[in-house]
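Enquirer: I am sharing upload14.csv, which consists of CSV, C-alpha atoms:
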```csv
chain,number,residue,atom,x,y,z
J,1,MET,CA,27.5,-18.8,-44.3
J,2,ALA,CA,24.2,-17.9,-42.5
J,3,SER,CA,24.2,-14.8,-40.5
J,4,MET,CA,23.2,-15.3,-36.9
J,5,ALA,CA,21.0,-12.5,-35.5
J,6,PRO,CA,21.6,-11.9,-31.8
J,7,GLU,CA,18.9,-13.1,-29.5
J,8,PRO,CA,16.7,-10.3,-28.3
J,9,GLU,CA,17.3,-9.5,-24.7
J,10,PRO,CA,14.3,-10.3,-22.5
J,11,GLU,CA,12.2,-7.3,-21.4
J,12,PRO,CA,13.3,-6.2,-18.0
J,13,GLU,CA,10.7,-6.4,-15.2
J,14,PRO,CA,9.3,-3.0,-14.4
J,15,GLU,CA,11.1,-1.5,-11.4
J,16,GLU,CA,7.9,-0.3,-9.8
J,17,ILE,CA,4.7,-2.0,-8.8
J,18,VAL,CA,1.6,-0.1,-9.8
J,19,ARG,CA,-1.9,-1.0,-8.6
J,20,GLU,CA,-5.2,0.8,-9.1
J,21,VAL,CA,-8.5,0.0,-7.4
J,22,ARG,CA,-11.8,1.6,-7.2
J,23,ILE,CA,-13.3,1.9,-3.7
J,24,ALA,CA,-17.0,2.6,-2.9
J,25,ALA,CA,-16.1,5.2,-0.3
J,26,SER,CA,-14.9,8.8,-0.5
J,27,PRO,CA,-11.2,9.7,-0.2
J,28,ASP,CA,-12.0,11.1,3.3
J,29,GLU,CA,-13.2,7.7,4.3
J,30,VAL,CA,-10.3,5.8,2.7
J,31,PHE,CA,-7.4,7.9,3.8
J,32,PRO,CA,-7.4,6.8,7.5
J,33,TYR,CA,-6.8,3.2,6.5
J,34,PHE,CA,-3.2,4.3,5.9
J,35,THR,CA,-2.7,6.5,8.9
J,36,ASP,CA,-4.8,5.0,11.8
J,37,ALA,CA,-3.5,1.8,13.3
J,38,ASP,CA,-7.0,0.5,14.2
J,39,LYS,CA,-8.0,0.8,10.6
J,40,LEU,CA,-4.8,-0.6,9.2
J,41,VAL,CA,-5.1,-3.9,11.1
J,42,VAL,CA,-8.5,-4.4,9.5
J,43,TRP,CA,-7.0,-4.9,6.1
J,44,LYS,CA,-3.2,-5.1,6.2
J,45,ALA,CA,-1.7,-6.3,9.5
J,46,VAL,CA,-2.2,-8.3,12.6
J,47,ARG,CA,-0.6,-5.6,14.8
J,48,ALA,CA,0.5,-2.1,13.9
J,49,GLU,CA,2.1,1.0,15.6
J,50,LEU,CA,2.2,4.2,13.6
J,51,ASP,CA,3.1,7.8,14.1
J,52,ALA,CA,1.3,9.2,11.1
J,53,ARG,CA,3.1,12.5,10.4
J,54,PRO,CA,5.9,13.4,8.1
J,55,GLY,CA,9.0,11.9,9.7
J,56,GLY,CA,6.9,9.6,11.9
J,57,VAL,CA,7.6,5.9,11.8
J,58,PHE,CA,5.4,2.8,11.5
J,59,ARG,CA,6.0,-0.9,12.3
J,60,MET,CA,3.5,-3.6,11.5
J,61,ASP,CA,3.4,-7.4,11.9
J,62,VAL,CA,1.7,-8.3,8.6
J,63,THR,CA,1.1,-12.0,9.2
J,64,GLY,CA,1.5,-12.6,12.9
J,65,ARG,CA,4.5,-14.9,12.1
J,66,GLY,CA,7.2,-12.2,12.5
J,67,ASP,CA,6.9,-10.7,9.0
J,68,ILE,CA,7.6,-7.2,10.2
J,69,ALA,CA,7.3,-4.2,7.8
J,70,ARG,CA,8.5,-0.8,9.0
J,71,GLY,CA,9.0,2.6,7.5
J,72,GLN,CA,8.7,6.3,7.8
J,73,TYR,CA,6.0,8.7,6.6
J,74,VAL,CA,7.5,11.1,4.0
J,75,GLU,CA,4.4,13.0,3.0
J,76,ILE,CA,0.9,13.1,4.4
J,77,ASP,CA,-1.7,15.2,2.5
J,78,PRO,CA,-5.2,14.2,3.7
J,79,PRO,CA,-7.2,13.0,2.0
J,80,ARG,CA,-5.3,12.9,-1.3
J,81,ARG,CA,-1.8,11.4,-0.8
J,82,VAL,CA,0.4,9.5,1.5
J,83,VAL,CA,4.0,8.6,0.8
J,84,PHE,CA,6.1,6.3,3.1
J,85,THR,CA,9.3,4.3,3.0
J,86,TRP,CA,8.9,0.5,3.3
J,87,GLU,CA,11.3,-2.2,4.3
J,88,TRP,CA,11.1,-5.7,5.8
J,89,GLU,CA,12.8,-5.9,9.1
J,90,ASP,CA,16.1,-7.8,9.0
J,91,ARG,CA,15.6,-11.4,10.2
J,92,GLY,CA,19.2,-12.3,10.5
J,93,THR,CA,20.0,-12.4,6.8
J,94,ALA,CA,23.4,-11.5,5.5
J,95,THR,CA,21.9,-8.9,3.2
J,96,PRO,CA,20.5,-5.8,4.9
J,97,PRO,CA,16.9,-5.1,4.1
J,98,ALA,CA,16.2,-2.9,1.1
J,99,ARG,CA,14.2,0.3,1.6
J,100,SER,CA,11.6,1.2,-1.0
J,101,VAL,CA,9.0,4.0,-1.3
J,102,VAL,CA,5.2,3.6,-1.5
J,103,GLU,CA,3.1,6.4,-2.9
J,104,VAL,CA,-0.6,6.3,-2.5
J,105,THR,CA,-2.9,8.8,-4.3
J,106,LEU,CA,-6.6,9.0,-3.7
J,107,SER,CA,-8.9,10.7,-6.3
J,108,PRO,CA,-12.7,11.1,-6.3
J,109,ASP,CA,-14.1,8.9,-9.0
J,110,GLY,CA,-17.1,11.0,-9.8
J,111,ASP,CA,-19.6,8.5,-8.3
J,112,GLY,CA,-18.9,9.2,-4.7
J,113,GLY,CA,-16.1,6.7,-4.6
J,114,THR,CA,-12.3,6.7,-4.8
J,115,LEU,CA,-9.7,5.7,-7.4
J,116,LEU,CA,-6.7,4.6,-5.4
J,117,ARG,CA,-3.4,4.4,-7.2
J,118,LEU,CA,-0.4,2.8,-5.4
J,119,VAL,CA,3.1,3.0,-6.8
J,120,HIS,CA,5.8,1.0,-5.0
J,121,ARG,CA,9.3,2.0,-6.2
J,122,GLY,CA,12.6,0.4,-5.5
J,123,VAL,CA,11.5,-3.1,-4.7
J,124,PRO,CA,14.4,-5.5,-5.1
J,125,GLN,CA,13.9,-7.8,-8.1
J,126,GLU,CA,14.2,-10.9,-6.0
J,127,ILE,CA,11.1,-10.0,-4.0
J,128,ARG,CA,9.1,-8.0,-6.6
J,129,ARG,CA,6.8,-10.8,-7.7
J,130,GLY,CA,5.8,-11.6,-4.1
J,131,SER,CA,5.4,-7.9,-3.2
J,132,ALA,CA,3.2,-7.4,-6.3
J,133,ALA,CA,1.0,-10.3,-5.2
J,134,GLY,CA,1.0,-8.9,-1.7
J,135,TRP,CA,-0.3,-5.5,-2.8
J,136,ALA,CA,-3.0,-7.2,-4.9
J,137,HIS,CA,-4.1,-9.3,-2.0
J,138,TYR,CA,-4.2,-6.5,0.6
J,139,LEU,CA,-5.7,-3.9,-1.7
J,140,ALA,CA,-8.6,-6.3,-2.3
J,141,ARG,CA,-9.1,-6.4,1.4
J,142,LEU,CA,-8.9,-2.6,1.6
J,143,VAL,CA,-11.6,-2.2,-1.1
J,144,LEU,CA,-14.0,-4.2,1.2
J,145,ALA,CA,-13.0,-2.6,4.5
J,146,ALA,CA,-13.1,1.0,3.4
J,147,ALA,CA,-16.5,0.4,1.8
J,148,GLY,CA,-17.8,-0.7,5.2
J,149,HIS,CA,-17.6,-4.5,4.6
J,150,ASP,CA,-15.8,-7.0,6.8
J,151,PRO,CA,-12.9,-8.5,4.8
J,152,GLY,CA,-12.9,-11.4,7.2
J,153,PRO,CA,-9.8,-13.0,8.7
J,154,ASP,CA,-6.7,-12.6,6.5
J,155,PRO,CA,-5.9,-16.1,5.1
J,156,TRP,CA,-2.3,-15.1,4.7
J,157,ALA,CA,-2.1,-14.3,8.4
J,158,THR,CA,-3.2,-17.8,9.4
J,159,ALA,CA,-1.2,-19.7,6.8
J,160,THR,CA,1.9,-21.4,8.0
J,161,PRO,CA,5.1,-22.0,6.1
J,162,GLY,CA,4.8,-25.2,4.0
J,163,ASP,CA,1.1,-24.7,3.3
J,164,PRO,CA,0.6,-24.8,-0.5
J,165,MET,CA,-1.6,-21.7,-0.3
J,166,SER,CA,1.1,-19.7,1.5
J,167,GLU,CA,4.1,-20.2,-0.8
J,168,ILE,CA,3.9,-17.1,-3.0
J,169,GLU,CA,2.8,-14.9,-0.1
J,170,ILE,CA,5.6,-16.1,2.1
J,171,GLU,CA,8.1,-15.6,-0.8
J,172,GLY,CA,7.3,-11.9,-0.8
J,173,VAL,CA,7.8,-11.3,2.9
J,174,GLN,CA,10.7,-13.4,3.9
```
Write the structure described by the file as structure tokens, please.
Expert:
Amino acid sequence: MASMAPEPEPEPEPEEIVREVRIAASPDEVFPYFTDADKLVVWKAVRAELDARPGGVFRMDVTGRGDIARGQYVEIDPPRRVVFTWEWEDRGTATPPARSVVEVTLSPDGDGGTLLRLVHRGVPQEIRRGSAAGWAHYLARLVLAAAGHDPGPDPWATATPGDPMSEIEIEGVQ
């Protein structure tokens, strides 16, 4: 009689999204892109309202199609660190939106630039893949904007549901 070894359990997905990027700008130049609405809309949102102080709130329309993110600033330590809660505004779903926490640290890279490390904790498993893709997309835009380049129109903001290019993006924000 052959012994049957149990199937190994699949590796669980990490419970946090971690992204690191290098930006050709100092931490002093990068930091306001998380705390100034005029700078935030260059790389991350179509419209944004923020009260960038501990306990202050933000609300942003990421795509212009009602994909509203909101949260509260937990810690602001210019130009080194910003921590805020993050949740998608309830769009009439039966499940209340999940609240997660985003921690951004900015460190000088030794060449006059910045190493940005973003850790997003508490993202529900069902939207983690889309959220990870979203951070990769938007941080690439931030790298350009903070270095003084125009990232151009956000293709995700102009995509409409049903477009083949928008499926993974829309998955992460609906």
Enquirer: Which polymer residues, whether protein, DNA or RNA, lie within 12 Å of the coordinate (2.0, 8.1, 7.3) when you count all atoms listed in the file? List them as a PyMOL selection string, using the chain letters and numbers from the file.
Expert: chain J and resi 31-37+40+49-59+70-79+81-86+101-104
Enquirer: Could you write those residues out with C-alpha atoms, as a PDB file, keeping the file's coordinate frame?
Expert:
```pdb
ATOM      1  CA  PHE J  31      -7.400   7.900   3.800  1.00  0.00           C
ATOM      2  CA  PRO J  32      -7.400   6.800   7.500  1.00  0.00           C
ATOM      3  CA  TYR J  33      -6.800   3.200   6.500  1.00  0.00           C
ATOM      4  CA  PHE J  34      -3.200   4.300   5.900  1.00  0.00           C
ATOM      5  CA  THR J  35      -2.700   6.500   8.900  1.00  0.00           C
ATOM      6  CA  ASP J  36      -4.800   5.000  11.800  1.00  0.00           C
ATOM      7  CA  ALA J  37      -3.500   1.800  13.300  1.00  0.00           C
ATOM      8  CA  LEU J  40      -4.800  -0.600   9.200  1.00  0.00           C
ATOM      9  CA  GLU J  49       2.100   1.000  15.600  1.00  0.00           C
ATOM     10  CA  LEU J  50       2.200   4.200  13.600  1.00  0.00           C
ATOM     11  CA  ASP J  51       3.100   7.800  14.100  1.00  0.00           C
ATOM     12  CA  ALA J  52       1.300   9.200  11.100  1.00  0.00           C
ATOM     13  CA  ARG J  53       3.100  12.500  10.400  1.00  0.00           C
ATOM     14  CA  PRO J  54       5.900  13.400   8.100  1.00  0.00           C
ATOM     15  CA  GLY J  55       9.000  11.900   9.700  1.00  0.00           C
ATOM     16  CA  GLY J  56       6.900   9.600  11.900  1.00  0.00           C
ATOM     17  CA  VAL J  57       7.600   5.900  11.800  1.00  0.00           C
ATOM     18  CA  PHE J  58       5.400   2.800  11.500  1.00  0.00           C
ATOM     19  CA  ARG J  59       6.000  -0.900  12.300  1.00  0.00           C
ATOM     20  CA  ARG J  70       8.500  -0.800   9.000  1.00  0.00           C
ATOM     21  CA  GLY J  71       9.000   2.600   7.500  1.00  0.00           C
ATOM     22  CA  GLN J  72       8.700   6.300   7.800  1.00  0.00           C
ATOM     23  CA  TYR J  73       6.000   8.700   6.600  1.00  0.00           C
ATOM     24  CA  VAL J  74       7.500  11.100   4.000  1.00  0.00           C
ATOM     25  CA  GLU J  75       4.400  13.000   3.000  1.00  0.00           C
ATOM     26  CA  ILE J  76       0.900  13.100   4.400  1.00  0.00           C
ATOM     27  CA  ASP J  77      -1.700  15.200   2.500  1.00  0.00           C
ATOM     28  CA  PRO J  78      -5.200  14.200   3.700  1.00  0.00           C
ATOM     29  CA  PRO J  79      -7.200  13.000   2.000  1.00  0.00           C
ATOM     30  CA  ARG J  81      -1.800  11.400  -0.800  1.00  0.00           C
ATOM     31  CA  VAL J  82       0.400   9.500   1.500  1.00  0.00           C
ATOM     32  CA  VAL J  83       4.000   8.600   0.800  1.00  0.00           C
ATOM     33  CA  PHE J  84       6.100   6.300   3.100  1.00  0.00           C
ATOM     34  CA  THR J  85       9.300   4.300   3.000  1.00  0.00           C
ATOM     35  CA  TRP J  86       8.900   0.500   3.300  1.00  0.00           C
ATOM     36  CA  VAL J 101       9.000   4.000  -1.300  1.00  0.00           C
ATOM     37  CA  VAL J 102       5.200   3.600  -1.500  1.00  0.00           C
ATOM     38  CA  GLU J 103       3.100   6.400  -2.900  1.00  0.00           C
ATOM     39  CA  VAL J 104      -0.600   6.300  -2.500  1.00  0.00           C
TER      40      VAL J 104
END
```
Enquirer: Could you tell me how far atom CA of Ala132 of chain J sits from atom CA of Ala24 of chain J, in Å to one decimal place?
Expert: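 These two atoms are separated by 22.8 Å.
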Enquirer: If you count all atoms listed in the file, which residues fall within 9 Å of Val123 of chain J, apart from same-chain ones fewer than 4 positions away, as a PDB file with C-alpha atoms, in the frame of the given file?
Expert:
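As written to disk, around_0.pdb reads:
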```
ATOM      1  CA  GLU J  15      11.100  -1.500 -11.400  1.00  0.00           C
ATOM      2  CA  GLU J  16       7.900  -0.300  -9.800  1.00  0.00           C
ATOM      3  CA  ILE J  17       4.700  -2.000  -8.800  1.00  0.00           C
ATOM      4  CA  ALA J  98      16.200  -2.900   1.100  1.00  0.00           C
ATOM      5  CA  ARG J  99      14.200   0.300   1.600  1.00  0.00           C
ATOM      6  CA  SER J 100      11.600   1.200  -1.000  1.00  0.00           C
ATOM      7  CA  VAL J 101       9.000   4.000  -1.300  1.00  0.00           C
ATOM      8  CA  ILE J 127      11.100 -10.000  -4.000  1.00  0.00           C
ATOM      9  CA  ARG J 128       9.100  -8.000  -6.600  1.00  0.00           C
ATOM     10  CA  SER J 131       5.400  -7.900  -3.200  1.00  0.00           C
TER      11      SER J 131
END
```
Enquirer: Any idea what's packed within 12 Å of Gly110 of chain J, counting all atoms listed in the file, ignoring anything in its chain fewer than 4 positions away? Could you give it as a PyMOL selection string?
Expert: chain J and resi 22-27+114-115
Enquirer: Please, what distance in Å, to one decimal, runs between atom CA of Val18 of chain J and atom CA of Val119 of chain J?
Expert: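 Computing the Euclidean distance for atom CA of Val18 of chain J and atom CA of Val119 of chain J yields 4.6 Å.
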Enquirer: Hey, can you check how far atom CA of Leu118 of chain J sits from atom CA of Gly64 of chain J?
Expert: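 Atom CA of Gly64 of chain J lies at a distance of 24.0 Å from atom CA of Leu118 of chain J.
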Enquirer: From the set J:Pro151, J:Pro124, J:Gly113, J:Pro108, which residue has the shortest atom-to-atom contact distance to His137 of chain J, counting all atoms listed in the file?
Expert: J:Pro151
Enquirer: So which one's closest to Arg117 of chain J, J:Arg80, J:Lys39, J:Leu144, J:Lys44? Using all atoms listed in the file, please.
Expert: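 Comparing J:Arg80, J:Lys39, J:Leu144, J:Lys44 against Arg117 of chain J, the winner is J:Arg80.
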Enquirer: Can you work out which one of J:Ala136, J:Val30, J:Ala146, J:Ala45 has the shortest atom-to-atom distance to Arg65 of chain J, counting all atoms listed in the file?
Expert: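 Checking each candidate against Arg65 of chain J, we get J:Ala45 as the closest.
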Enquirer: Of the candidates J:Trp135, J:Trp156, J:Glu20, J:Ile68, which shows the shortest atom-to-atom distance to Trp88 of chain J, using all atoms listed in the file?
Expert: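 Comparing J:Trp135, J:Trp156, J:Glu20, J:Ile68 against Trp88 of chain J, the winner is J:Ile68.
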Enquirer: From the options J:Asp28, J:Arg19, J:Leu106, J:Val46, which residue's atoms come nearest to Asp154 of chain J, counting all atoms listed in the file?
Expert: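 Looking at the shortest contact to Asp154 of chain J, the residue is J:Val46.
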Enquirer: Go through J:Gly112, J:Gly134, J:Gly66, J:Gly122 one by one, measure the shortest atom-to-atom distance of each to Ala147 of chain J using only C-alpha atoms, and give the residue with the smallest value.
Expert: J:Gly112
Enquirer: How about completing segment 31-50 of chain J with N, CA and C atoms and giving it to me as an mmCIF file, keeping the file's coordinate frame?
Expert:
```
data_model
loop_
_atom_site.group_PDB
_atom_site.id
_atom_site.type_symbol
_atom_site.label_atom_id
_atom_site.label_comp_id
_atom_site.auth_asym_id
_atom_site.auth_seq_id
_atom_site.Cartn_x
_atom_site.Cartn_y
_atom_site.Cartn_z
ATOM 1 N N PHE J 31 -8.668 7.421 3.331
ATOM 2 C CA PHE J 31 -7.400 7.900 3.800
ATOM 3 C C PHE J 31 -6.934 7.338 5.148
ATOM 4 N N PRO J 32 -7.819 7.328 6.173
ATOM 5 C CA PRO J 32 -7.400 6.800 7.500
ATOM 6 C C PRO J 32 -6.920 5.378 7.512
ATOM 7 N N TYR J 33 -7.248 4.611 6.499
ATOM 8 C CA TYR J 33 -6.800 3.200 6.500
ATOM 9 C C TYR J 33 -5.274 3.126 6.270
ATOM 10 N N PHE J 34 -4.624 4.253 5.982
ATOM 11 C CA PHE J 34 -3.200 4.300 5.900
ATOM 12 C C PHE J 34 -2.509 5.018 7.040
ATOM 13 N N THR J 35 -3.309 5.666 7.889
ATOM 14 C CA THR J 35 -2.700 6.500 8.900
ATOM 15 C C THR J 35 -3.246 6.182 10.342
ATOM 16 N N ASP J 36 -4.214 5.315 10.463
ATOM 17 C CA ASP J 36 -4.800 5.000 11.800
ATOM 18 C C ASP J 36 -4.571 3.477 12.003
ATOM 19 N N ALA J 37 -3.860 3.158 13.065
ATOM 20 C CA ALA J 37 -3.500 1.800 13.300
ATOM 21 C C ALA J 37 -4.711 0.860 13.464
ATOM 22 N N ASP J 38 -5.789 1.354 14.076
ATOM 23 C CA ASP J 38 -7.000 0.500 14.200
ATOM 24 C C ASP J 38 -7.604 0.172 12.885
ATOM 25 N N LYS J 39 -7.504 1.063 11.920
ATOM 26 C CA LYS J 39 -8.000 0.800 10.600
ATOM 27 C C LYS J 39 -7.044 -0.057 9.763
ATOM 28 N N LEU J 40 -5.762 0.169 9.946
ATOM 29 C CA LEU J 40 -4.800 -0.600 9.200
ATOM 30 C C LEU J 40 -4.841 -2.084 9.505
ATOM 31 N N VAL J 41 -5.087 -2.431 10.771
ATOM 32 C CA VAL J 41 -5.100 -3.900 11.100
ATOM 33 C C VAL J 41 -6.369 -4.557 10.573
ATOM 34 N N VAL J 42 -7.351 -3.816 10.113
ATOM 35 C CA VAL J 42 -8.500 -4.400 9.500
ATOM 36 C C VAL J 42 -8.178 -5.069 8.167
ATOM 37 N N TRP J 43 -7.240 -4.461 7.420
ATOM 38 C CA TRP J 43 -7.000 -4.900 6.100
ATOM 39 C C TRP J 43 -5.538 -5.384 5.814
ATOM 40 N N LYS J 44 -4.565 -4.931 6.599
ATOM 41 C CA LYS J 44 -3.200 -5.100 6.200
ATOM 42 C C LYS J 44 -2.267 -5.798 7.212
ATOM 43 N N ALA J 45 -2.604 -5.795 8.491
ATOM 44 C CA ALA J 45 -1.700 -6.300 9.500
ATOM 45 C C ALA J 45 -2.377 -6.925 10.661
ATOM 46 N N VAL J 46 -1.642 -7.736 11.401
ATOM 47 C CA VAL J 46 -2.200 -8.300 12.600
ATOM 48 C C VAL J 46 -2.010 -7.320 13.775
ATOM 49 N N ARG J 47 -0.870 -6.623 13.782
ATOM 50 C CA ARG J 47 -0.600 -5.600 14.800
ATOM 51 C C ARG J 47 0.123 -4.438 14.082
ATOM 52 N N ALA J 48 -0.144 -3.220 14.568
ATOM 53 C CA ALA J 48 0.500 -2.100 13.900
ATOM 54 C C ALA J 48 0.677 -0.945 14.955
ATOM 55 N N GLU J 49 1.805 -0.258 14.829
ATOM 56 C CA GLU J 49 2.100 1.000 15.600
ATOM 57 C C GLU J 49 2.473 2.009 14.570
ATOM 58 N N LEU J 50 1.809 3.172 14.593
ATOM 59 C CA LEU J 50 2.200 4.200 13.600
ATOM 60 C C LEU J 50 2.156 5.588 14.275
#
```
